[in-house]
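I have placed the structure first, in the form of structure tokens, so that the comments after it can refer back to it.
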Amino acid sequence: MKKFKLDFLKYISLNILSMVGVSIYILADTYFISKALGAIGLAALNFSIVIFTLIQGVGLMIGIGGAIDFSIRNYERSNSGNESFMNALLIGLLFAVIFLLLGVFFSTQVSLFLGADELTLPPTETYLTTILGFSPFFILNNIVLAFVRNDKNPRLAMTAMVVSSFSNIILDYVFMFPLSMGIFGAAFATGLAPIISLSILIFHFRSNSVGFHLCRCKMELKRLMKIITLGFPSFVTELASSITLFTFNIVILRIAGNIGVAAYGVIANVAIIATALFTGLAQGIQPLVSNYFASSDKDGLRTILKYSLIISLVLSATIYFVILAFSNNIVSVFNGENNETLATIAGVGLKIYFTGYIFAGINIVIISFLSAASNTVNAMAISILRSSVILIPTTLIMSFFFEIYGIWASFMVTELSVTILTYLTHLSLPRENTQLSAYTKG
């Protein structure tokens, strides 16, 4: 039990730090853009984050899906790690080509679709084109991170993310202020971050005990689909954030214009940090869940889920206390023009919106748990409920009746509804009918 607790704490703490590192990419951009370009720059960034989140989601889907396949199949034969890794790289290459083509030929159309107008179109298009140009590195970084983490080296994965994040902050400042590169400088700094991370992750391959490496392996359609299936819930979790951003941007633009979108940009970027904490927790338990699932240790799985849910509740309570205590200070950091309208909208929005993380944390943990235990159908069902089926109609209905306040509250209502549905449809079933109930009930 002592070893279990040490492994559990090591994996979740290192992965939480890693994911917070990822979130600092955009948070640094938000701060420096707010100082250099004001509300219009913030609005443009908020439109662009939709695509950045989508790129990250694809990388996580392939990386986590491949890493789960790697962990489970390592129990079957010694060379399965190479096959999982090479198949994951192939899928990543295919998606990278799609994103590159999107950036080269359709950045204007994508910017307009995301809600940019004549004021926000130029900076939105610049940021999007640059980020899409670096998409292969974002995807590759997520793949290698997941495999290194599952190859029993979470410390190196954490180091790579933290170093790349701090490098991003420094480069953001240098590119945007001394070099006056504007929003392109912010996007360029963010694009260099995964390259820095990969240059550190290379050291994993110098180990004699590395479980995967580049090689000539047979590309199997069945293996490719398995990787996508295993990682799809992680993609949908990120997609939920992307769809939330897109839906909120469009509705807020109608109600409060670009200033409202800029205010939401403050909330959304603070939310990235909160989501990173829960995603780090979820990714931290994934290697452990995969290993215990492969060895059919239901007691271990039950303990992992119990501890994870407790930590999730502690994190959500801590986050909300910080929001209540420091909401005005948080908004002022990103309100470079001291816009009173932006400050009012964002200040109230933070307090309402972040009530949703009490339930969002639970949902993110359960999705990751089910996915790592190869229960992808239920994991995908919960993810889809969060990302669209409940979110979109709830946002539209509540914004119609309560306008901007309804938008902030719709996130909480969506996550609460998903948590209730998850409990009623999974936890209340007999243990033999669902893996989740088997792991949560003695």
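Residues in the structure tokens are named by chain (A, B, ... in the order shown) and by number from 1 within that chain; ligands are numbered from 1 in the order shown.
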Find the residues around Ala373 in chain A up to 9 Å (only C-alpha atoms counted), leave out those fewer than 2 positions away in its own chain, and share them as a compact mmCIF listing (two decimals) with all heavy atoms, in the first residue's frame.
```
# COMPACT_ATOMS: atom_id res chain seq x y z
N ILE A 68 -1.70 4.13 -23.90
CA ILE A 68 -2.53 3.10 -23.26
C ILE A 68 -2.31 1.76 -23.96
O ILE A 68 -2.13 0.71 -23.33
CB ILE A 68 -4.02 3.49 -23.28
CG1 ILE A 68 -4.27 4.70 -22.37
CG2 ILE A 68 -4.89 2.31 -22.82
CD1 ILE A 68 -5.68 5.24 -22.46
N GLN A 286 -3.66 7.67 -15.43
CA GLN A 286 -3.84 6.82 -16.61
C GLN A 286 -2.85 5.65 -16.69
O GLN A 286 -3.26 4.50 -16.90
CB GLN A 286 -3.78 7.69 -17.87
CG GLN A 286 -3.92 6.92 -19.17
CD GLN A 286 -2.55 6.67 -19.79
OE1 GLN A 286 -1.76 7.58 -19.96
NE2 GLN A 286 -2.27 5.42 -20.12
N VAL A 289 -3.85 3.14 -13.95
CA VAL A 289 -5.10 2.44 -14.26
C VAL A 289 -4.87 1.38 -15.34
O VAL A 289 -5.34 0.25 -15.24
CB VAL A 289 -6.20 3.43 -14.72
CG1 VAL A 289 -7.44 2.68 -15.20
CG2 VAL A 289 -6.57 4.36 -13.58
N SER A 290 -4.10 1.75 -16.38
CA SER A 290 -3.83 0.80 -17.46
C SER A 290 -3.10 -0.44 -16.94
O SER A 290 -3.41 -1.57 -17.31
CB SER A 290 -2.99 1.48 -18.56
OG SER A 290 -3.72 2.49 -19.20
N ASN A 291 -2.12 -0.22 -16.06
CA ASN A 291 -1.37 -1.34 -15.51
C ASN A 291 -2.22 -2.23 -14.61
O ASN A 291 -2.17 -3.46 -14.70
CB ASN A 291 -0.15 -0.82 -14.72
CG ASN A 291 0.92 -0.24 -15.62
OD1 ASN A 291 1.03 -0.61 -16.79
ND2 ASN A 291 1.71 0.68 -15.10
N TYR A 292 -3.02 -1.61 -13.73
CA TYR A 292 -3.87 -2.40 -12.84
C TYR A 292 -4.97 -3.11 -13.63
O TYR A 292 -5.38 -4.23 -13.29
CB TYR A 292 -4.48 -1.50 -11.76
CG TYR A 292 -3.55 -1.21 -10.61
CD1 TYR A 292 -2.85 -0.02 -10.54
CD2 TYR A 292 -3.37 -2.14 -9.59
CE1 TYR A 292 -1.98 0.24 -9.50
CE2 TYR A 292 -2.51 -1.89 -8.54
CZ TYR A 292 -1.82 -0.69 -8.49
OH TYR A 292 -0.96 -0.44 -7.45
N PHE A 293 -5.45 -2.46 -14.69
CA PHE A 293 -6.48 -3.09 -15.52
C PHE A 293 -5.90 -4.30 -16.24
O PHE A 293 -6.53 -5.36 -16.33
CB PHE A 293 -7.01 -2.08 -16.53
CG PHE A 293 -8.02 -2.67 -17.49
CD1 PHE A 293 -9.32 -2.91 -17.10
CD2 PHE A 293 -7.65 -2.99 -18.79
CE1 PHE A 293 -10.25 -3.45 -17.98
CE2 PHE A 293 -8.57 -3.54 -19.68
CZ PHE A 293 -9.87 -3.77 -19.27
N ALA A 294 -4.67 -4.15 -16.76
CA ALA A 294 -4.03 -5.26 -17.48
C ALA A 294 -3.81 -6.46 -16.57
O ALA A 294 -3.84 -7.60 -17.02
CB ALA A 294 -2.71 -4.79 -18.09
N LEU A 301 -7.78 -0.65 -8.78
CA LEU A 301 -8.54 0.29 -9.59
C LEU A 301 -9.54 1.08 -8.74
O LEU A 301 -9.71 2.29 -8.91
CB LEU A 301 -9.28 -0.47 -10.70
CG LEU A 301 -8.40 -1.06 -11.80
CD1 LEU A 301 -9.21 -2.02 -12.66
CD2 LEU A 301 -7.80 0.03 -12.66
N SER A 368 -11.14 9.85 -17.94
CA SER A 368 -9.80 9.30 -18.07
C SER A 368 -9.72 7.89 -17.49
O SER A 368 -9.09 7.00 -18.07
CB SER A 368 -8.79 10.21 -17.37
OG SER A 368 -7.49 9.69 -17.45
N PHE A 369 -10.37 7.68 -16.35
CA PHE A 369 -10.36 6.37 -15.71
C PHE A 369 -10.97 5.31 -16.62
O PHE A 369 -10.40 4.24 -16.83
CB PHE A 369 -11.12 6.45 -14.39
CG PHE A 369 -11.17 5.15 -13.62
CD1 PHE A 369 -10.18 4.84 -12.71
CD2 PHE A 369 -12.20 4.25 -13.82
CE1 PHE A 369 -10.20 3.64 -12.01
CE2 PHE A 369 -12.23 3.05 -13.13
CZ PHE A 369 -11.24 2.75 -12.23
N LEU A 370 -12.14 5.60 -17.16
CA LEU A 370 -12.81 4.65 -18.03
C LEU A 370 -12.01 4.37 -19.29
O LEU A 370 -11.91 3.22 -19.75
CB LEU A 370 -14.21 5.18 -18.40
CG LEU A 370 -15.24 5.21 -17.27
CD1 LEU A 370 -16.49 5.96 -17.73
CD2 LEU A 370 -15.61 3.81 -16.82
N SER A 371 -11.42 5.42 -19.86
CA SER A 371 -10.63 5.26 -21.08
C SER A 371 -9.42 4.37 -20.82
O SER A 371 -9.12 3.47 -21.61
CB SER A 371 -10.20 6.63 -21.60
OG SER A 371 -9.39 6.49 -22.73
N ASN A 375 -12.72 1.07 -21.24
CA ASN A 375 -14.17 1.24 -21.29
C ASN A 375 -14.47 2.51 -22.08
O ASN A 375 -15.02 3.49 -21.56
CB ASN A 375 -14.73 1.32 -19.86
CG ASN A 375 -16.25 1.16 -19.83
OD1 ASN A 375 -16.91 1.20 -20.86
ND2 ASN A 375 -16.77 0.98 -18.64
N THR A 376 -14.07 2.50 -23.35
CA THR A 376 -14.11 3.72 -24.15
C THR A 376 -15.53 4.15 -24.53
O THR A 376 -15.76 5.34 -24.75
CB THR A 376 -13.30 3.53 -25.44
OG1 THR A 376 -13.73 2.34 -26.11
CG2 THR A 376 -11.83 3.41 -25.13
N GLN A 435 -17.94 -1.51 -15.66
CA GLN A 435 -16.66 -1.51 -14.98
C GLN A 435 -16.60 -0.43 -13.93
O GLN A 435 -16.05 -0.61 -12.84
CB GLN A 435 -15.53 -1.31 -16.00
CG GLN A 435 -15.35 -2.49 -16.90
CD GLN A 435 -14.34 -2.22 -18.00
OE1 GLN A 435 -14.03 -1.07 -18.28
NE2 GLN A 435 -13.85 -3.25 -18.63
```
All residues 10 Å or closer to Gln56 in chain A, only C-alpha atoms, same chain fewer than 5 positions away omitted, as a ChimeraX atom specification = /A:22,51,61,135,138-139,141-142,235,238-239
message = When you look at range 46-48 of chain A with a cut-off of 8 Å (counting only C-alpha atoms), what residues show up, excluding the ones that are within fewer than 4 positions of it in the same chain? I need them as an MDAnalysis selection string.
response = chainID A and resid 42 52 111 114:116 124 127:128 245:246 249 261:262 264:265 268
Given the selection you just returned, output its residues as a file containing C-alpha atoms, formatted as a CSV table (one decimal), in the first residue's frame.
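To be explicit, this is the file written out as selection_33.csv:
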```csv
chain,number,residue,atom,x,y,z
A,42,LEU,CA,-7.5,39.6,-26.3
A,52,PHE,CA,-5.1,25.7,-30.5
A,111,SER,CA,-10.9,33.2,-38.6
A,114,LEU,CA,-14.6,31.7,-35.5
A,115,GLY,CA,-16.2,35.1,-35.2
A,116,ALA,CA,-13.5,37.6,-36.2
A,124,THR,CA,-6.7,36.5,-35.5
A,127,TYR,CA,-2.0,34.0,-34.8
A,128,LEU,CA,-3.9,31.1,-36.4
A,245,LEU,CA,-14.9,28.6,-26.4
A,246,PHE,CA,-16.5,28.7,-29.8
A,249,ASN,CA,-17.5,33.5,-28.3
A,261,VAL,CA,-15.3,38.4,-26.0
A,262,ALA,CA,-12.2,40.0,-24.5
A,264,TYR,CA,-14.4,36.0,-21.7
A,265,GLY,CA,-10.8,35.7,-22.9
A,268,ALA,CA,-11.2,31.3,-20.5
```
Non-local contacts of range 337-343 of chain A (12 Å; only C-alpha atoms; under 3 positions in same chain excluded) as a PDB file with N, CA and C atoms, in the first residue's frame:
```pdb
ATOM      1  N   ILE A  33      -0.195  39.922 -24.603  1.00  0.00           N
ATOM      2  CA  ILE A  33      -1.076  40.502 -25.629  1.00  0.00           C
ATOM      3  C   ILE A  33      -1.970  41.571 -25.013  1.00  0.00           C
ATOM      4  N   SER A  34      -2.469  41.330 -23.782  1.00  0.00           N
ATOM      5  CA  SER A  34      -3.321  42.331 -23.129  1.00  0.00           C
ATOM      6  C   SER A  34      -2.542  43.625 -22.891  1.00  0.00           C
ATOM      7  N   LYS A  35      -1.251  43.502 -22.577  1.00  0.00           N
ATOM      8  CA  LYS A  35      -0.437  44.699 -22.348  1.00  0.00           C
ATOM      9  C   LYS A  35      -0.090  45.406 -23.651  1.00  0.00           C
ATOM     10  N   ALA A  36       0.165  44.637 -24.685  1.00  0.00           N
ATOM     11  CA  ALA A  36       0.622  45.231 -25.943  1.00  0.00           C
ATOM     12  C   ALA A  36      -0.514  45.647 -26.876  1.00  0.00           C
ATOM     13  N   LEU A  37      -1.608  44.873 -26.895  1.00  0.00           N
ATOM     14  CA  LEU A  37      -2.650  45.089 -27.909  1.00  0.00           C
ATOM     15  C   LEU A  37      -4.035  45.359 -27.339  1.00  0.00           C
ATOM     16  N   GLY A  38      -4.218  45.254 -26.027  1.00  0.00           N
ATOM     17  CA  GLY A  38      -5.493  45.599 -25.409  1.00  0.00           C
ATOM     18  C   GLY A  38      -6.611  44.627 -25.721  1.00  0.00           C
ATOM     19  N   ALA A  39      -7.854  45.143 -25.660  1.00  0.00           N
ATOM     20  CA  ALA A  39      -9.046  44.302 -25.779  1.00  0.00           C
ATOM     21  C   ALA A  39      -9.160  43.625 -27.138  1.00  0.00           C
ATOM     22  N   ILE A  40      -8.788  44.316 -28.208  1.00  0.00           N
ATOM     23  CA  ILE A  40      -8.870  43.723 -29.544  1.00  0.00           C
ATOM     24  C   ILE A  40      -7.921  42.533 -29.653  1.00  0.00           C
ATOM     25  N   GLY A  41      -6.726  42.686 -29.109  1.00  0.00           N
ATOM     26  CA  GLY A  41      -5.778  41.567 -29.110  1.00  0.00           C
ATOM     27  C   GLY A  41      -6.277  40.390 -28.301  1.00  0.00           C
ATOM     28  N   LEU A  42      -6.903  40.673 -27.143  1.00  0.00           N
ATOM     29  CA  LEU A  42      -7.470  39.606 -26.317  1.00  0.00           C
ATOM     30  C   LEU A  42      -8.585  38.869 -27.042  1.00  0.00           C
ATOM     31  N   ALA A  43      -9.445  39.625 -27.724  1.00  0.00           N
ATOM     32  CA  ALA A  43     -10.540  39.006 -28.470  1.00  0.00           C
ATOM     33  C   ALA A  43      -9.986  38.110 -29.576  1.00  0.00           C
ATOM     34  N   ALA A 256     -22.519  41.234 -26.186  1.00  0.00           N
ATOM     35  CA  ALA A 256     -21.642  42.265 -25.613  1.00  0.00           C
ATOM     36  C   ALA A 256     -20.503  42.696 -26.521  1.00  0.00           C
ATOM     37  N   GLY A 257     -20.452  42.220 -27.767  1.00  0.00           N
ATOM     38  CA  GLY A 257     -19.441  42.660 -28.717  1.00  0.00           C
ATOM     39  C   GLY A 257     -18.028  42.194 -28.375  1.00  0.00           C
ATOM     40  N   ASN A 258     -17.032  42.843 -28.987  1.00  0.00           N
ATOM     41  CA  ASN A 258     -15.639  42.436 -28.811  1.00  0.00           C
ATOM     42  C   ASN A 258     -15.152  42.602 -27.367  1.00  0.00           C
ATOM     43  N   ILE A 259     -15.691  43.595 -26.653  1.00  0.00           N
ATOM     44  CA  ILE A 259     -15.299  43.777 -25.249  1.00  0.00           C
ATOM     45  C   ILE A 259     -15.752  42.575 -24.429  1.00  0.00           C
ATOM     46  N   GLY A 260     -16.952  42.080 -24.718  1.00  0.00           N
ATOM     47  CA  GLY A 260     -17.446  40.894 -24.028  1.00  0.00           C
ATOM     48  C   GLY A 260     -16.594  39.675 -24.323  1.00  0.00           C
ATOM     49  N   VAL A 261     -16.186  39.519 -25.597  1.00  0.00           N
ATOM     50  CA  VAL A 261     -15.315  38.398 -25.968  1.00  0.00           C
ATOM     51  C   VAL A 261     -13.959  38.529 -25.274  1.00  0.00           C
ATOM     52  N   ALA A 262     -13.448  39.768 -25.185  1.00  0.00           N
ATOM     53  CA  ALA A 262     -12.176  39.985 -24.492  1.00  0.00           C
ATOM     54  C   ALA A 262     -12.305  39.622 -23.010  1.00  0.00           C
ATOM     55  N   ALA A 263     -13.445  39.975 -22.398  1.00  0.00           N
ATOM     56  CA  ALA A 263     -13.684  39.612 -20.992  1.00  0.00           C
ATOM     57  C   ALA A 263     -13.729  38.100 -20.826  1.00  0.00           C
ATOM     58  N   TYR A 264     -14.386  37.446 -21.775  1.00  0.00           N
ATOM     59  CA  TYR A 264     -14.406  35.983 -21.728  1.00  0.00           C
ATOM     60  C   TYR A 264     -13.005  35.414 -21.954  1.00  0.00           C
ATOM     61  N   GLY A 265     -12.190  36.135 -22.718  1.00  0.00           N
ATOM     62  CA  GLY A 265     -10.810  35.706 -22.924  1.00  0.00           C
ATOM     63  C   GLY A 265     -10.053  35.618 -21.610  1.00  0.00           C
ATOM     64  N   VAL A 266     -10.314  36.561 -20.705  1.00  0.00           N
ATOM     65  CA  VAL A 266      -9.695  36.510 -19.382  1.00  0.00           C
ATOM     66  C   VAL A 266     -10.152  35.265 -18.636  1.00  0.00           C
ATOM     67  N   ILE A 267     -11.475  35.043 -18.634  1.00  0.00           N
ATOM     68  CA  ILE A 267     -12.048  33.888 -17.929  1.00  0.00           C
ATOM     69  C   ILE A 267     -11.542  32.588 -18.535  1.00  0.00           C
ATOM     70  N   SER A 327     -10.497  37.626  -7.515  1.00  0.00           N
ATOM     71  CA  SER A 327     -11.053  37.822  -8.870  1.00  0.00           C
ATOM     72  C   SER A 327     -10.699  39.186  -9.442  1.00  0.00           C
ATOM     73  N   ASN A 328     -10.798  40.244  -8.646  1.00  0.00           N
ATOM     74  CA  ASN A 328     -10.482  41.587  -9.154  1.00  0.00           C
ATOM     75  C   ASN A 328      -9.005  41.710  -9.526  1.00  0.00           C
ATOM     76  N   ASN A 329      -8.143  41.119  -8.704  1.00  0.00           N
ATOM     77  CA  ASN A 329      -6.703  41.155  -8.997  1.00  0.00           C
ATOM     78  C   ASN A 329      -6.380  40.388 -10.276  1.00  0.00           C
ATOM     79  N   ILE A 330      -7.053  39.238 -10.455  1.00  0.00           N
ATOM     80  CA  ILE A 330      -6.816  38.417 -11.650  1.00  0.00           C
ATOM     81  C   ILE A 330      -7.207  39.180 -12.909  1.00  0.00           C
ATOM     82  N   VAL A 331      -8.370  39.822 -12.864  1.00  0.00           N
ATOM     83  CA  VAL A 331      -8.851  40.559 -14.034  1.00  0.00           C
ATOM     84  C   VAL A 331      -7.923  41.730 -14.346  1.00  0.00           C
ATOM     85  N   SER A 332      -7.464  42.425 -13.316  1.00  0.00           N
ATOM     86  CA  SER A 332      -6.613  43.598 -13.543  1.00  0.00           C
ATOM     87  C   SER A 332      -5.296  43.243 -14.226  1.00  0.00           C
ATOM     88  N   VAL A 333      -4.804  42.026 -13.989  1.00  0.00           N
ATOM     89  CA  VAL A 333      -3.554  41.592 -14.617  1.00  0.00           C
ATOM     90  C   VAL A 333      -3.681  41.577 -16.129  1.00  0.00           C
ATOM     91  N   PHE A 334      -4.882  41.186 -16.624  1.00  0.00           N
ATOM     92  CA  PHE A 334      -5.091  41.050 -18.073  1.00  0.00           C
ATOM     93  C   PHE A 334      -5.849  42.230 -18.678  1.00  0.00           C
ATOM     94  N   ALA A 346     -15.864  40.478 -16.650  1.00  0.00           N
ATOM     95  CA  ALA A 346     -14.957  39.380 -16.310  1.00  0.00           C
ATOM     96  C   ALA A 346     -15.005  39.065 -14.817  1.00  0.00           C
ATOM     97  N   GLY A 347     -15.101  40.090 -13.965  1.00  0.00           N
ATOM     98  CA  GLY A 347     -15.110  39.877 -12.525  1.00  0.00           C
ATOM     99  C   GLY A 347     -16.306  39.053 -12.072  1.00  0.00           C
ATOM    100  N   VAL A 348     -17.488  39.408 -12.553  1.00  0.00           N
ATOM    101  CA  VAL A 348     -18.695  38.641 -12.221  1.00  0.00           C
ATOM    102  C   VAL A 348     -18.642  37.265 -12.873  1.00  0.00           C
ATOM    103  N   GLY A 349     -18.180  37.219 -14.107  1.00  0.00           N
ATOM    104  CA  GLY A 349     -18.130  35.956 -14.842  1.00  0.00           C
ATOM    105  C   GLY A 349     -17.249  34.920 -14.174  1.00  0.00           C
ATOM    106  N   LEU A 350     -16.105  35.342 -13.646  1.00  0.00           N
ATOM    107  CA  LEU A 350     -15.214  34.401 -12.970  1.00  0.00           C
ATOM    108  C   LEU A 350     -15.923  33.696 -11.815  1.00  0.00           C
TER     109      LEU A 350
END
```
key: Who sits within 12 Å of Phe95 in chain A, only C-alpha atoms, same chain under 2 positions skipped, as a list in words   = Leu54, Ile55, Gln56, Gly57, Val58, Gly59, Met61, Ile62, Ala88, Leu89, Leu90, Ile91, Gly92, Leu93, Val97, Ile98, Phe99, Leu100, Leu101, Leu102, Leu132, Ser135, Pro136, Phe137, Phe138, Ile139, Leu140 and Ile228 of chain A
Can you tell me which residues surround Phe134 in chain A at a distance of at most 9 Å, considering only C-alpha atoms, apart from same-chain residues fewer than 4 positions away, and format the answer as a compact mmCIF listing (two decimals) with all heavy atoms, in the first residue's frame?
```txt
# COMPACT_ATOMS: atom_id res chain seq x y z
N ALA A 96 -1.24 16.25 -38.80
CA ALA A 96 -0.37 17.43 -38.95
C ALA A 96 -0.49 18.01 -40.36
O ALA A 96 -0.53 19.24 -40.53
CB ALA A 96 1.07 17.05 -38.64
N LEU A 100 -1.65 21.80 -41.31
CA LEU A 100 -0.77 22.65 -42.11
C LEU A 100 -1.50 23.21 -43.33
O LEU A 100 -1.39 24.40 -43.65
CB LEU A 100 0.46 21.85 -42.56
CG LEU A 100 1.55 21.62 -41.52
CD1 LEU A 100 2.62 20.69 -42.05
CD2 LEU A 100 2.19 22.94 -41.08
N THR A 129 -2.48 31.36 -38.35
CA THR A 129 -1.55 30.87 -39.37
C THR A 129 -0.26 30.37 -38.74
O THR A 129 0.27 29.31 -39.10
CB THR A 129 -1.23 31.98 -40.39
OG1 THR A 129 -2.45 32.44 -40.98
CG2 THR A 129 -0.30 31.47 -41.47
N THR A 130 0.23 31.11 -37.76
CA THR A 130 1.49 30.73 -37.10
C THR A 130 1.32 29.45 -36.28
O THR A 130 2.15 28.53 -36.36
CB THR A 130 1.97 31.88 -36.19
OG1 THR A 130 2.02 33.10 -36.93
CG2 THR A 130 3.35 31.57 -35.62
N PHE A 138 3.44 20.47 -32.00
CA PHE A 138 2.51 20.31 -30.88
C PHE A 138 2.03 18.86 -30.79
O PHE A 138 1.98 18.27 -29.70
CB PHE A 138 1.30 21.24 -31.04
CG PHE A 138 1.59 22.69 -30.77
CD1 PHE A 138 1.53 23.62 -31.78
CD2 PHE A 138 1.94 23.11 -29.49
CE1 PHE A 138 1.79 24.95 -31.53
CE2 PHE A 138 2.21 24.44 -29.23
CZ PHE A 138 2.13 25.38 -30.26
N PHE A 188 4.61 32.91 -32.28
CA PHE A 188 5.90 32.30 -32.60
C PHE A 188 6.56 31.72 -31.34
O PHE A 188 7.10 30.61 -31.35
CB PHE A 188 6.81 33.35 -33.24
CG PHE A 188 8.12 32.82 -33.75
CD1 PHE A 188 8.17 31.66 -34.53
CD2 PHE A 188 9.31 33.47 -33.46
CE1 PHE A 188 9.37 31.17 -35.00
CE2 PHE A 188 10.53 32.99 -33.93
CZ PHE A 188 10.55 31.83 -34.70
N THR A 190 4.99 30.68 -28.67
CA THR A 190 4.21 29.49 -28.31
C THR A 190 4.58 28.31 -29.20
O THR A 190 4.68 27.17 -28.73
CB THR A 190 2.70 29.79 -28.43
OG1 THR A 190 2.37 30.87 -27.55
CG2 THR A 190 1.87 28.58 -28.07
N GLY A 191 4.81 28.57 -30.48
CA GLY A 191 5.17 27.50 -31.40
C GLY A 191 6.54 26.90 -31.13
O GLY A 191 6.78 25.72 -31.40
N LEU A 192 7.45 27.70 -30.56
CA LEU A 192 8.78 27.19 -30.26
C LEU A 192 8.79 26.31 -29.00
O LEU A 192 9.70 25.49 -28.82
CB LEU A 192 9.76 28.36 -30.05
CG LEU A 192 10.12 29.17 -31.30
CD1 LEU A 192 11.01 30.35 -30.91
CD2 LEU A 192 10.82 28.30 -32.34
N PRO A 194 6.96 23.61 -27.92
CA PRO A 194 7.04 22.16 -28.06
C PRO A 194 8.36 21.69 -28.64
O PRO A 194 8.79 20.56 -28.35
CB PRO A 194 5.88 21.83 -29.01
CG PRO A 194 5.60 23.09 -29.75
CD PRO A 194 5.88 24.18 -28.76
```
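CA of Phe354 in chain A lies 28.8 Å from CA of Ala189 in chain A.
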